[in-house]
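What's in data01.pdb: PDB, C-alpha atoms
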```
ATOM      1  CA  MET A  49      11.431   3.824 -35.740
ATOM      2  CA  ALA A  50      14.066   5.910 -33.970
ATOM      3  CA  PHE A  51      16.509   2.983 -33.733
ATOM      4  CA  SER A  52      18.139   0.844 -36.390
ATOM      5  CA  SER A  53      18.929  -2.291 -34.363
ATOM      6  CA  TRP A  54      17.964  -4.131 -31.165
ATOM      7  CA  THR A  55      21.311  -3.353 -29.523
ATOM      8  CA  GLU A  56      20.537   0.340 -30.035
ATOM      9  CA  VAL A  57      17.113  -0.138 -28.490
ATOM     10  CA  ILE A  58      18.662  -1.805 -25.450
ATOM     11  CA  SER A  59      21.416   0.773 -25.046
ATOM     12  CA  MET A  60      19.029   3.751 -25.523
ATOM     13  CA  GLY A  61      21.883   6.005 -26.557
ATOM     14  CA  GLY A  62      23.798   5.141 -23.380
ATOM     15  CA  TYR A  63      20.800   5.681 -21.080
ATOM     16  CA  GLY A  64      19.573   2.080 -21.343
ATOM     17  CA  PHE A  65      19.987   1.329 -17.640
ATOM     18  CA  TYR A  66      17.876   4.329 -16.572
ATOM     19  CA  VAL A  67      15.157   3.971 -19.203
ATOM     20  CA  TRP A  68      14.680   0.226 -18.759
ATOM     21  CA  LEU A  69      14.909   0.445 -14.968
ATOM     22  CA  SER A  70      12.097   3.009 -14.830
ATOM     23  CA  PHE A  71       9.907   1.126 -17.297
ATOM     24  CA  GLY A  72      10.572  -2.210 -15.587
ATOM     25  CA  ILE A  73       9.870  -1.089 -12.032
ATOM     26  CA  SER A  74       6.785   0.880 -13.104
ATOM     27  CA  LEU A  75       5.261  -2.066 -14.930
ATOM     28  CA  ALA A  76       6.143  -4.338 -11.995
ATOM     29  CA  ALA A  77       4.380  -1.971  -9.578
ATOM     30  CA  LEU A  78       1.264  -1.891 -11.765
ATOM     31  CA  ALA A  79       1.325  -5.668 -12.129
ATOM     32  CA  ALA A  80       1.602  -6.033  -8.351
ATOM     33  CA  LEU A  81      -1.425  -3.768  -7.895
ATOM     34  CA  MET A  82      -3.434  -5.892 -10.323
ATOM     35  CA  VAL A  83      -2.377  -9.183  -8.716
ATOM     36  CA  HIS A  84      -3.248  -7.804  -5.279
ATOM     37  CA  GLY A  85      -6.760  -6.962  -6.511
ATOM     38  CA  ILE A  86      -7.218 -10.455  -7.931
ATOM     39  CA  LEU A  87      -5.922 -12.101  -4.732
ATOM     40  CA  THR A  88      -8.273  -9.964  -2.627
ATOM     41  CA  ARG A  89     -11.229 -11.245  -4.601
ATOM     42  CA  ARG A  90     -10.004 -14.815  -4.219
ATOM     43  CA  SER A  91      -9.686 -14.465  -0.441
ATOM     44  CA  LEU A  92     -13.211 -12.984  -0.351
ATOM     45  CA  GLN A  93     -14.452 -16.066  -2.182
ATOM     46  CA  GLN A  94     -12.835 -18.235   0.465
ATOM     47  CA  GLN A  95     -14.343 -16.190   3.286
ATOM     48  CA  SER A  96     -17.772 -16.424   1.719
ATOM     49  CA  LYS A  97     -17.450 -20.190   1.413
ATOM     50  CA  GLN A  98     -16.444 -20.511   5.064
ATOM     51  CA  GLN A  99     -19.360 -18.326   6.091
ATOM     52  CA  GLN A 100     -21.802 -20.503   4.170
ATOM     53  CA  GLN A 101     -20.373 -23.693   5.658
ATOM     54  CA  ARG A 102     -20.703 -22.196   9.141
ATOM     55  CA  GLN A 103     -24.328 -21.322   8.487
ATOM     56  CA  GLN A 104     -25.055 -24.813   7.206
ATOM     57  CA  ARG A 105     -23.421 -26.357  10.278
ATOM     58  CA  LEU A 106     -25.511 -24.181  12.557
ATOM     59  CA  ALA A 107     -28.698 -25.065  10.695
ATOM     60  CA  ARG A 108     -27.913 -28.773  10.922
ATOM     61  CA  ARG A 109     -27.192 -28.563  14.645
ATOM     62  CA  LYS A 110     -30.454 -26.742  15.226
ATOM     63  CA  GLN A 111     -32.339 -29.452  13.386
ATOM     64  CA  GLN A 112     -30.631 -32.194  15.398
ATOM     65  CA  GLU A 113     -31.560 -30.465  18.643
ATOM     66  CA  ARG A 114     -35.153 -30.162  17.517
ATOM     67  CA  SER A 115     -35.384 -33.873  16.590
ATOM     68  CA  ARG A 116     -34.040 -34.943  19.993
TER      69      ARG A 116
ATOM     70  CA  MET Q 188     -31.515  16.489 -10.689
ATOM     71  CA  TRP Q 189     -29.430  13.992  -8.733
ATOM     72  CA  ARG Q 190     -32.250  11.451  -8.439
ATOM     73  CA  TRP Q 191     -30.656   9.020 -10.905
ATOM     74  CA  LEU Q 192     -27.657   8.810  -8.592
ATOM     75  CA  HIS Q 193     -29.610   7.644  -5.539
ATOM     76  CA  PRO Q 194     -29.775   3.868  -6.265
ATOM     77  CA  TYR Q 195     -25.974   3.731  -6.364
ATOM     78  CA  ALA Q 196     -25.767   4.512  -2.672
ATOM     79  CA  LYS Q 197     -26.664   0.842  -2.381
ATOM     80  CA  GLY Q 198     -23.692  -1.474  -2.649
ATOM     81  CA  GLU Q 199     -25.197  -3.964  -5.030
ATOM     82  CA  ALA Q 200     -26.277  -1.379  -7.635
ATOM     83  CA  SER Q 201     -22.812   0.194  -7.669
ATOM     84  CA  TYR Q 202     -21.197  -3.218  -7.864
ATOM     85  CA  ARG Q 203     -23.205  -4.148 -10.950
ATOM     86  CA  LEU Q 204     -22.561  -0.799 -12.654
ATOM     87  CA  LEU Q 205     -18.801  -1.103 -12.030
ATOM     88  CA  GLY Q 206     -18.927  -4.660 -13.323
ATOM     89  CA  ARG Q 207     -20.372  -3.403 -16.606
ATOM     90  CA  TRP Q 208     -17.613  -0.795 -16.942
ATOM     91  CA  LEU Q 209     -14.652  -2.925 -15.883
ATOM     92  CA  PRO Q 210     -14.051  -5.076 -19.015
ATOM     93  CA  TRP Q 211     -14.293  -2.033 -21.323
ATOM     94  CA  LEU Q 212     -11.993   0.040 -19.162
ATOM     95  CA  THR Q 213      -9.454  -2.777 -18.844
ATOM     96  CA  GLY Q 214      -9.448  -3.559 -22.555
ATOM     97  CA  SER Q 215      -9.137   0.032 -23.724
ATOM     98  CA  ALA Q 216      -6.522   0.778 -21.039
ATOM     99  CA  VAL Q 217      -4.282  -2.114 -22.118
ATOM    100  CA  LEU Q 218      -4.647  -1.137 -25.768
ATOM    101  CA  THR Q 219      -3.931   2.597 -25.367
ATOM    102  CA  MET Q 220      -1.091   1.972 -22.918
ATOM    103  CA  MET Q 221       0.558  -0.420 -25.320
ATOM    104  CA  VAL Q 222       0.227   1.954 -28.266
ATOM    105  CA  GLY Q 223       1.425   4.962 -26.255
ATOM    106  CA  LEU Q 224       4.373   3.283 -24.542
ATOM    107  CA  ILE Q 225       5.643   1.463 -27.644
ATOM    108  CA  TRP Q 226       5.305   4.656 -29.681
ATOM    109  CA  GLY Q 227       7.131   6.633 -27.021
ATOM    110  CA  LEU Q 228       9.860   4.058 -26.504
ATOM    111  CA  PHE Q 229      10.650   3.115 -30.076
ATOM    112  CA  TYR Q 230       9.119   5.569 -32.560
ATOM    113  CA  ALA Q 231       9.296   9.041 -31.003
ATOM    114  CA  PRO Q 232      12.465  10.923 -32.016
ATOM    115  CA  PRO Q 233      15.264  11.346 -29.427
ATOM    116  CA  ASP Q 234      15.519  14.686 -27.637
ATOM    117  CA  TYR Q 235      18.227  17.039 -28.904
ATOM    118  CA  GLN Q 236      19.460  17.700 -25.358
ATOM    119  CA  GLN Q 237      18.547  14.638 -23.326
ATOM    120  CA  GLY Q 238      18.976  11.989 -26.016
ATOM    121  CA  ASP Q 239      16.953   8.844 -25.318
ATOM    122  CA  SER Q 240      16.780   9.342 -21.547
ATOM    123  CA  TYR Q 241      13.763  11.637 -22.011
ATOM    124  CA  ARG Q 242      11.642   8.581 -22.933
ATOM    125  CA  ILE Q 243      11.043   8.153 -19.199
ATOM    126  CA  ILE Q 244       8.590  11.058 -19.650
ATOM    127  CA  TYR Q 245       6.041   8.644 -21.116
ATOM    128  CA  ILE Q 246       5.473   7.058 -17.720
ATOM    129  CA  HIS Q 247       6.721   9.807 -15.410
ATOM    130  CA  VAL Q 248       4.343  12.576 -16.492
ATOM    131  CA  PRO Q 249       1.120  10.498 -16.735
ATOM    132  CA  ALA Q 250       1.848   8.865 -13.359
ATOM    133  CA  ALA Q 251       2.529  12.233 -11.742
ATOM    134  CA  ILE Q 252      -0.562  13.912 -13.218
ATOM    135  CA  PHE Q 253      -2.889  11.095 -12.199
ATOM    136  CA  SER Q 254      -1.311  10.734  -8.761
ATOM    137  CA  MET Q 255      -2.736  14.214  -8.158
ATOM    138  CA  GLY Q 256      -5.930  13.525 -10.102
ATOM    139  CA  THR Q 257      -6.766  10.427  -8.086
ATOM    140  CA  TYR Q 258      -6.013  12.326  -4.875
ATOM    141  CA  THR Q 259      -8.544  14.977  -5.875
ATOM    142  CA  ALA Q 260     -11.070  12.249  -6.700
ATOM    143  CA  MET Q 261     -10.393  10.622  -3.314
ATOM    144  CA  ALA Q 262     -10.897  13.950  -1.529
ATOM    145  CA  ILE Q 263     -14.236  14.453  -3.338
ATOM    146  CA  ALA Q 264     -15.295  10.942  -2.266
ATOM    147  CA  ALA Q 265     -14.227  11.806   1.289
ATOM    148  CA  LEU Q 266     -16.308  15.003   1.218
ATOM    149  CA  ILE Q 267     -19.370  13.074  -0.003
ATOM    150  CA  ALA Q 268     -18.771  10.403   2.640
ATOM    151  CA  LEU Q 269     -18.432  12.926   5.459
ATOM    152  CA  VAL Q 270     -21.316  15.217   4.436
ATOM    153  CA  TRP Q 271     -23.930  12.760   3.176
ATOM    154  CA  GLN Q 272     -22.729   9.624   4.979
ATOM    155  CA  ILE Q 273     -22.917   7.553   1.818
ATOM    156  CA  ARG Q 274     -21.174   4.252   2.372
ATOM    157  CA  THR Q 275     -20.224   3.706  -1.263
ATOM    158  CA  ALA Q 276     -18.253   6.966  -1.062
ATOM    159  CA  GLU Q 277     -16.485   5.724   2.088
ATOM    160  CA  TRP Q 278     -15.495   2.558   0.272
ATOM    161  CA  ALA Q 279     -14.311   4.604  -2.694
ATOM    162  CA  ILE Q 280     -11.691   6.202  -0.398
ATOM    163  CA  ALA Q 281     -10.294   2.734   0.312
ATOM    164  CA  ALA Q 282     -10.444   1.790  -3.378
ATOM    165  CA  ILE Q 283      -8.708   4.928  -4.672
ATOM    166  CA  ALA Q 284      -5.903   5.303  -2.106
ATOM    167  CA  PRO Q 285      -3.759   2.252  -3.086
ATOM    168  CA  VAL Q 286      -4.038   3.135  -6.793
ATOM    169  CA  GLY Q 287      -2.920   6.687  -6.069
ATOM    170  CA  ALA Q 288      -0.100   5.447  -3.867
ATOM    171  CA  VAL Q 289       1.253   3.239  -6.658
ATOM    172  CA  LEU Q 290       1.017   6.121  -9.176
ATOM    173  CA  THR Q 291       2.857   8.405  -6.740
ATOM    174  CA  PHE Q 292       5.531   5.776  -6.188
ATOM    175  CA  ILE Q 293       5.987   5.421  -9.965
ATOM    176  CA  ALA Q 294       6.254   9.198 -10.403
ATOM    177  CA  LEU Q 295       8.845   9.441  -7.609
ATOM    178  CA  PHE Q 296      10.833   6.422  -8.749
ATOM    179  CA  THR Q 297      10.981   7.305 -12.431
ATOM    180  CA  GLY Q 298      11.778  10.887 -11.437
ATOM    181  CA  ALA Q 299      14.748   9.704  -9.392
ATOM    182  CA  VAL Q 300      15.979   7.424 -12.168
ATOM    183  CA  TRP Q 301      15.599  10.270 -14.663
ATOM    184  CA  GLY Q 302      17.252  12.751 -12.308
ATOM    185  CA  LYS Q 303      20.407  10.685 -11.913
ATOM    186  CA  PRO Q 304      21.675  11.046 -15.526
ATOM    187  CA  MET Q 305      20.184  14.540 -16.107
ATOM    188  CA  TRP Q 306      20.726  16.378 -12.788
ATOM    189  CA  GLY Q 307      23.483  14.144 -11.431
ATOM    190  CA  THR Q 308      21.493  13.163  -8.344
ATOM    191  CA  TRP Q 309      18.828  10.589  -7.488
ATOM    192  CA  TRP Q 310      17.154  12.867  -4.955
ATOM    193  CA  GLU Q 311      17.146  16.494  -3.919
ATOM    194  CA  TRP Q 312      15.031  18.072  -1.167
ATOM    195  CA  ASP Q 313      13.497  20.443  -3.667
ATOM    196  CA  ALA Q 314       9.928  21.737  -3.459
ATOM    197  CA  ARG Q 315       8.408  19.596  -6.234
ATOM    198  CA  LEU Q 316      10.076  16.380  -5.102
ATOM    199  CA  THR Q 317       9.369  16.914  -1.413
ATOM    200  CA  SER Q 318       5.697  17.807  -1.916
ATOM    201  CA  GLN Q 319       5.272  14.719  -4.112
ATOM    202  CA  LEU Q 320       6.860  12.606  -1.354
ATOM    203  CA  ILE Q 321       4.353  14.110   1.100
ATOM    204  CA  LEU Q 322       1.594  13.005  -1.295
ATOM    205  CA  LEU Q 323       2.864   9.430  -1.002
ATOM    206  CA  PHE Q 324       2.788   9.679   2.816
ATOM    207  CA  LEU Q 325      -0.752  11.113   2.673
ATOM    208  CA  TYR Q 326      -1.909   8.145   0.602
ATOM    209  CA  LEU Q 327      -0.217   5.697   2.984
ATOM    210  CA  GLY Q 328      -1.758   7.542   5.949
ATOM    211  CA  VAL Q 329      -5.239   7.297   4.429
ATOM    212  CA  ILE Q 330      -4.785   3.557   3.818
ATOM    213  CA  ALA Q 331      -3.450   2.980   7.339
ATOM    214  CA  LEU Q 332      -6.207   5.017   9.031
ATOM    215  CA  TYR Q 333      -8.944   3.301   7.017
ATOM    216  CA  HIS Q 334      -7.841  -0.095   8.284
ATOM    217  CA  ALA Q 335      -6.777   0.990  11.780
ATOM    218  CA  PHE Q 336     -10.191   0.684  13.464
ATOM    219  CA  SER Q 337     -12.205  -2.434  14.145
ATOM    220  CA  ASP Q 338     -15.308  -0.407  13.229
ATOM    221  CA  SER Q 339     -14.930   0.281   9.522
ATOM    222  CA  ARG Q 340     -17.147   3.409   9.635
ATOM    223  CA  THR Q 341     -14.862   5.063  12.186
ATOM    224  CA  GLY Q 342     -11.882   4.173  10.034
ATOM    225  CA  ALA Q 343     -13.515   5.594   6.926
ATOM    226  CA  LYS Q 344     -14.329   8.830   8.775
ATOM    227  CA  ALA Q 345     -10.762   9.245  10.039
ATOM    228  CA  ALA Q 346      -9.297   8.433   6.620
ATOM    229  CA  GLY Q 347     -11.763  10.834   4.995
ATOM    230  CA  ILE Q 348     -10.728  13.712   7.240
ATOM    231  CA  LEU Q 349      -7.050  13.109   6.469
ATOM    232  CA  ALA Q 350      -7.828  12.909   2.729
ATOM    233  CA  LEU Q 351      -9.716  16.225   2.897
ATOM    234  CA  VAL Q 352      -7.048  18.042   4.891
ATOM    235  CA  GLY Q 353      -4.319  16.670   2.637
ATOM    236  CA  VAL Q 354      -5.916  18.030  -0.541
ATOM    237  CA  VAL Q 355      -4.144  21.334   0.164
ATOM    238  CA  ASN Q 356      -0.980  19.550  -0.975
ATOM    239  CA  VAL Q 357      -2.269  19.094  -4.540
ATOM    240  CA  PRO Q 358      -2.040  22.766  -5.619
ATOM    241  CA  ILE Q 359       1.246  23.016  -3.709
ATOM    242  CA  ILE Q 360       2.683  20.241  -5.900
ATOM    243  CA  HIS Q 361       1.357  21.829  -9.068
ATOM    244  CA  TYR Q 362       2.603  25.368  -8.336
ATOM    245  CA  SER Q 363       5.800  24.344  -6.513
ATOM    246  CA  VAL Q 364       7.811  24.821  -9.712
ATOM    247  CA  TYR Q 365       6.637  28.456  -9.900
ATOM    248  CA  TRP Q 366       6.632  29.397  -6.224
ATOM    249  CA  TRP Q 367      10.111  28.153  -5.429
ATOM    250  CA  ASN Q 368      13.340  27.892  -7.345
ATOM    251  CA  THR Q 369      13.285  24.193  -7.996
ATOM    252  CA  LEU Q 370      15.536  21.826  -9.833
ATOM    253  CA  HIS Q 371      12.426  20.400 -11.449
ATOM    254  CA  GLN Q 372      11.416  22.006 -14.725
ATOM    255  CA  GLY Q 373       8.185  23.948 -15.166
ATOM    256  CA  ALA Q 374       4.995  22.671 -16.746
ATOM    257  CA  THR Q 375       5.266  21.362 -20.299
ATOM    258  CA  ILE Q 376       1.686  20.446 -21.081
ATOM    259  CA  THR Q 377      -0.474  21.323 -18.032
ATOM    260  CA  LYS Q 378      -0.693  25.004 -18.868
ATOM    261  CA  PHE Q 379      -2.942  27.192 -20.943
ATOM    262  CA  GLU Q 380      -0.383  28.198 -23.555
ATOM    263  CA  LYS Q 381       0.830  26.010 -26.368
ATOM    264  CA  PRO Q 382       2.647  22.914 -25.023
ATOM    265  CA  SER Q 383       6.428  23.366 -25.172
ATOM    266  CA  MET Q 384       7.066  20.057 -26.862
ATOM    267  CA  ALA Q 385       7.415  18.904 -30.452
ATOM    268  CA  THR Q 386       4.265  17.317 -31.899
ATOM    269  CA  SER Q 387       6.079  14.079 -32.731
ATOM    270  CA  MET Q 388       6.882  13.672 -29.026
ATOM    271  CA  LEU Q 389       3.624  15.140 -27.748
ATOM    272  CA  ILE Q 390       1.225  12.779 -29.533
ATOM    273  CA  PRO Q 391       2.542   9.569 -27.872
ATOM    274  CA  LEU Q 392       2.563  11.418 -24.538
ATOM    275  CA  LEU Q 393      -1.109  12.322 -24.958
ATOM    276  CA  ILE Q 394      -1.881   8.683 -25.808
ATOM    277  CA  CYS Q 395      -0.016   7.597 -22.664
ATOM    278  CA  LEU Q 396      -2.021  10.121 -20.643
ATOM    279  CA  LEU Q 397      -5.263   8.656 -21.974
ATOM    280  CA  GLY Q 398      -3.963   5.137 -21.285
ATOM    281  CA  PHE Q 399      -3.044   5.990 -17.694
ATOM    282  CA  ALA Q 400      -6.458   7.618 -17.174
ATOM    283  CA  LEU Q 401      -8.259   4.492 -18.394
ATOM    284  CA  MET Q 402      -5.957   2.230 -16.390
ATOM    285  CA  THR Q 403      -6.477   4.257 -13.210
ATOM    286  CA  ALA Q 404     -10.252   4.060 -13.721
ATOM    287  CA  ALA Q 405     -10.034   0.293 -14.293
ATOM    288  CA  PHE Q 406      -7.977  -0.218 -11.118
ATOM    289  CA  ILE Q 407     -10.391   1.862  -9.071
ATOM    290  CA  CYS Q 408     -13.328  -0.136 -10.486
ATOM    291  CA  GLN Q 409     -11.647  -3.414  -9.584
ATOM    292  CA  ARG Q 410     -10.782  -2.325  -6.047
ATOM    293  CA  LEU Q 411     -14.129  -0.666  -5.353
ATOM    294  CA  ARG Q 412     -15.901  -3.864  -6.402
ATOM    295  CA  ASN Q 413     -13.706  -5.815  -3.983
ATOM    296  CA  GLU Q 414     -14.379  -3.362  -1.170
ATOM    297  CA  ILE Q 415     -18.142  -3.441  -1.758
ATOM    298  CA  LEU Q 416     -18.077  -7.252  -1.619
ATOM    299  CA  ARG Q 417     -15.922  -7.217   1.510
ATOM    300  CA  GLN Q 418     -18.351  -4.897   3.298
ATOM    301  CA  GLU Q 419     -21.474  -6.704   2.119
ATOM    302  CA  LEU Q 420     -20.126 -10.228   2.548
ATOM    303  CA  HIS Q 421     -22.945 -11.113   4.954
ATOM    304  CA  ARG Q 422     -25.623 -10.303   2.353
ATOM    305  CA  ASP Q 423     -27.157 -12.886   0.048
ATOM    306  CA  TRP Q 424     -26.299 -11.130  -3.217
ATOM    307  CA  ALA Q 425     -22.611 -10.946  -2.282
ATOM    308  CA  GLN Q 426     -22.568 -14.638  -1.350
ATOM    309  CA  GLN Q 427     -24.182 -15.511  -4.666
ATOM    310  CA  GLU Q 428     -21.749 -13.304  -6.543
ATOM    311  CA  LEU Q 429     -18.764 -15.059  -4.976
ATOM    312  CA  ASN Q 430     -19.934 -18.601  -5.648
TER     313      ASN Q 430
END
```
Show the structure stored in the file as structure tokens.
Amino acid sequence: MAFSSWTEVISMGGYGFYVWLSFGISLAALAALMVHGILTRRSLQQQSKQQQQRQQRLARRKQQERSR
Amino acid sequence: MWRWLHPYAKGEASYRLLGRWLPWLTGSAVLTMMVGLIWGLFYAPPDYQQGDSYRIIYIHVPAAIFSMGTYTAMAIAALIALVWQIRTAEWAIAAIAPVGAVLTFIALFTGAVWGKPMWGTWWEWDARLTSQLILLFLYLGVIALYHAFSDSRTGAKAAGILALVGVVNVPIIHYSVYWWNTLHQGATITKFEKPSMATSMLIPLLICLLGFALMTAAFICQRLRNEILRQELHRDWAQQELN
């Protein structure tokens, strides 16, 4: 360990603002990238569900027309 | 020789292969990143000149190296897409570009935040910094072009051409510190001689490099899987996968 206390860790020898700002923003950017990937998959799931419902509706309508 | 590669031109085969890789890549990436960053932040000794500010190196250098590495990978995918018209390669362009853009942003941002206490300025129009900024614009251009056309194949072709033309920027970034008098320092580890860094600082940096490599691969896997599903949404296997 290069530091002897938590206050030293936070102050980073006077460079605390710069070190923690770069680590914070970098991790936030990576987290945003990950969340975006997960949300994309979720929206694809929704699209797929809508597509299936549309197909089922069409199939039902076709059947109704045939029975008429 | 390349026969084994042929089935992966099909979306579903690639999707399944990436799905097998993804959990391993994610797990090992999280583990190595945590070890590398915690080691770098708390256990590596402070620099005799820069004090503790140098710890930014543990994200700055891996992000910068892989921002160029992913660009090269994207350009190779673009070449394959343009020459052999393989759709998986076209989708790989779309999967790689956002990951590269985020890495480039991180390299630029941490560089600015490191530059402020060490050089006394957030930004300087110096060769290394400017060429890295151009890399960010190239990534954003590739993303924009890919999505700019209602026909996704036209978009992929346009984005692929930009990615290929832009690859000339990669060696410019790497050699900018030798070709011009820049504020940015020369290479510390990406050279053939002995790295100019103490072992106690170098080991966590190498771990961070490995962690960033695994993380980049995991992100590309995740995004390529999404893109394959998006393009094949009308097919039965994709519908089944999403339900």
Item to complete: Find the residues in chain A near chain Q: any atom within 7 Å counts, using all atoms listed in the file. Write them as a ChimeraX atom specification.
Response: /A:49-51,60-61,63,66-67,70,74,77,85,88-89,92-93,96
Write the residues you've just listed into a file as an mmCIF file, in the frame of the given file, and include C-alpha atoms for each of them.
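And here's result29.cif as it stands now:
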```cif
data_model
loop_
_atom_site.group_PDB
_atom_site.id
_atom_site.type_symbol
_atom_site.label_atom_id
_atom_site.label_comp_id
_atom_site.auth_asym_id
_atom_site.auth_seq_id
_atom_site.Cartn_x
_atom_site.Cartn_y
_atom_site.Cartn_z
ATOM 1 C CA MET A 49 11.431 3.824 -35.740
ATOM 2 C CA ALA A 50 14.066 5.910 -33.970
ATOM 3 C CA PHE A 51 16.509 2.983 -33.733
ATOM 4 C CA MET A 60 19.029 3.751 -25.523
ATOM 5 C CA GLY A 61 21.883 6.005 -26.557
ATOM 6 C CA TYR A 63 20.800 5.681 -21.080
ATOM 7 C CA TYR A 66 17.876 4.329 -16.572
ATOM 8 C CA VAL A 67 15.157 3.971 -19.203
ATOM 9 C CA SER A 70 12.097 3.009 -14.830
ATOM 10 C CA SER A 74 6.785 0.880 -13.104
ATOM 11 C CA ALA A 77 4.380 -1.971 -9.578
ATOM 12 C CA GLY A 85 -6.760 -6.962 -6.511
ATOM 13 C CA THR A 88 -8.273 -9.964 -2.627
ATOM 14 C CA ARG A 89 -11.229 -11.245 -4.601
ATOM 15 C CA LEU A 92 -13.211 -12.984 -0.351
ATOM 16 C CA GLN A 93 -14.452 -16.066 -2.182
ATOM 17 C CA SER A 96 -17.772 -16.424 1.719
#
```
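Taking atom CA of Q:Thr219 and atom CA of Q:Leu392 as endpoints, the distance between them is 11.0 Å.
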Worksheet, complete the sentence: Using all atoms listed in the file, the shortest atom-to-atom distance to Q:Ala276 among Q:Pro382, Q:Gly373, Q:Gly223, Q:Gly347 belongs to Q:Gly347
Worksheet item: What separation in Å, quoted to one decimal, exists between atom CA of Q:Ile330 and atom CA of Q:Thr257?
Response: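 For atom CA of Q:Ile330 relative to atom CA of Q:Thr257, the distance reads 13.9 Å.
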Item to complete: Find the residues around stretch 383-385 of chain Q up to 12 Å (only C-alpha atoms counted), leave out those fewer than 2 positions away in its own chain, and share them as a list of chain:residue names.
Response: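 Everything that qualifies: Q:Ala231, Q:Pro232, Q:Pro233, Q:Asp234, Q:Tyr235, Q:Tyr241, Q:Ile244, Q:Gln372, Q:Gly373, Q:Ala374, Q:Thr375, Q:Ile376, Q:Thr377, Q:Lys378, Q:Phe379, Q:Glu380, Q:Lys381, Q:Ser387, Q:Met388, Q:Leu389, Q:Ile390, Q:Pro391, Q:Leu392, Q:Leu393.
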Just-selected residues, C-alpha atoms written as a PDB file, in the frame of the given file:
```
ATOM      1  CA  ALA Q 231       9.296   9.041 -31.003  1.00  0.00           C
ATOM      2  CA  PRO Q 232      12.465  10.923 -32.016  1.00  0.00           C
ATOM      3  CA  PRO Q 233      15.264  11.346 -29.427  1.00  0.00           C
ATOM      4  CA  ASP Q 234      15.519  14.686 -27.637  1.00  0.00           C
ATOM      5  CA  TYR Q 235      18.227  17.039 -28.904  1.00  0.00           C
ATOM      6  CA  TYR Q 241      13.763  11.637 -22.011  1.00  0.00           C
ATOM      7  CA  ILE Q 244       8.590  11.058 -19.650  1.00  0.00           C
ATOM      8  CA  GLN Q 372      11.416  22.006 -14.725  1.00  0.00           C
ATOM      9  CA  GLY Q 373       8.185  23.948 -15.166  1.00  0.00           C
ATOM     10  CA  ALA Q 374       4.995  22.671 -16.746  1.00  0.00           C
ATOM     11  CA  THR Q 375       5.266  21.362 -20.299  1.00  0.00           C
ATOM     12  CA  ILE Q 376       1.686  20.446 -21.081  1.00  0.00           C
ATOM     13  CA  THR Q 377      -0.474  21.323 -18.032  1.00  0.00           C
ATOM     14  CA  LYS Q 378      -0.693  25.004 -18.868  1.00  0.00           C
ATOM     15  CA  PHE Q 379      -2.942  27.192 -20.943  1.00  0.00           C
ATOM     16  CA  GLU Q 380      -0.383  28.198 -23.555  1.00  0.00           C
ATOM     17  CA  LYS Q 381       0.830  26.010 -26.368  1.00  0.00           C
ATOM     18  CA  SER Q 387       6.079  14.079 -32.731  1.00  0.00           C
ATOM     19  CA  MET Q 388       6.882  13.672 -29.026  1.00  0.00           C
ATOM     20  CA  LEU Q 389       3.624  15.140 -27.748  1.00  0.00           C
ATOM     21  CA  ILE Q 390       1.225  12.779 -29.533  1.00  0.00           C
ATOM     22  CA  PRO Q 391       2.542   9.569 -27.872  1.00  0.00           C
ATOM     23  CA  LEU Q 392       2.563  11.418 -24.538  1.00  0.00           C
ATOM     24  CA  LEU Q 393      -1.109  12.322 -24.958  1.00  0.00           C
TER      25      LEU Q 393
END
```
Practice prompt. Spell out the residues picked by the PyMOL selection byres ((chain Q and resi 204) around 12) here, as a list in words.
Written response: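 This file, filtered by the PyMOL selection byres ((chain Q and resi 204) around 12), leaves Leu192, Pro194, Tyr195, Ala196, Lys197, Gly198, Glu199, Ala200, Ser201, Tyr202, Arg203, Leu205, Gly206, Arg207, Trp208, Leu209, Pro210, Cys408, Gln409, Leu411 and Arg412 of chain Q.
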Can you write just those residues out, C-alpha atoms, as a compact mmCIF listing (two decimals), in the frame of the given file?
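Generated output (part.txt):
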```
# COMPACT_ATOMS: atom_id res chain seq x y z
CA LEU Q 192 -27.66 8.81 -8.59
CA PRO Q 194 -29.78 3.87 -6.26
CA TYR Q 195 -25.97 3.73 -6.36
CA ALA Q 196 -25.77 4.51 -2.67
CA LYS Q 197 -26.66 0.84 -2.38
CA GLY Q 198 -23.69 -1.47 -2.65
CA GLU Q 199 -25.20 -3.96 -5.03
CA ALA Q 200 -26.28 -1.38 -7.64
CA SER Q 201 -22.81 0.19 -7.67
CA TYR Q 202 -21.20 -3.22 -7.86
CA ARG Q 203 -23.20 -4.15 -10.95
CA LEU Q 205 -18.80 -1.10 -12.03
CA GLY Q 206 -18.93 -4.66 -13.32
CA ARG Q 207 -20.37 -3.40 -16.61
CA TRP Q 208 -17.61 -0.80 -16.94
CA LEU Q 209 -14.65 -2.92 -15.88
CA PRO Q 210 -14.05 -5.08 -19.02
CA CYS Q 408 -13.33 -0.14 -10.49
CA GLN Q 409 -11.65 -3.41 -9.58
CA LEU Q 411 -14.13 -0.67 -5.35
CA ARG Q 412 -15.90 -3.86 -6.40
```
Discussion item. For a test of reading the model, state the distance in Å between atom CA of Q:Glu419 and atom CA of Q:Ile283, rounded to one decimal.
Written reply: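 The value is 18.6 Å.
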Six-sided padding of 8 Å per side, axis-aligned box over stretch 363-379 of chain Q, centre and edges in Å, one decimal, as AutoDock Vina command-line options:
```
--center_x 6.3 --center_y 24.9 --center_z -13.3 --size_x 34.5 --size_y 25.0 --size_z 31.7
```
Item to complete: Take the point (-6.5, 6.0, 14.1) in the file's coordinates, draw a sphere of radius 12 Å around it, and report as a list in words every protein, DNA or RNA residue with an atom inside or on it, counting all atoms listed in the file.
Response: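 Protein and nucleic acid residues near the point are Gly328, Val329, Ile330, Ala331, Leu332, Tyr333, His334, Ala335, Phe336, Ser337, Asp338, Ser339, Arg340, Thr341, Gly342, Ala343, Lys344, Ala345, Ala346, Gly347, Ile348 and Leu349 of chain Q.
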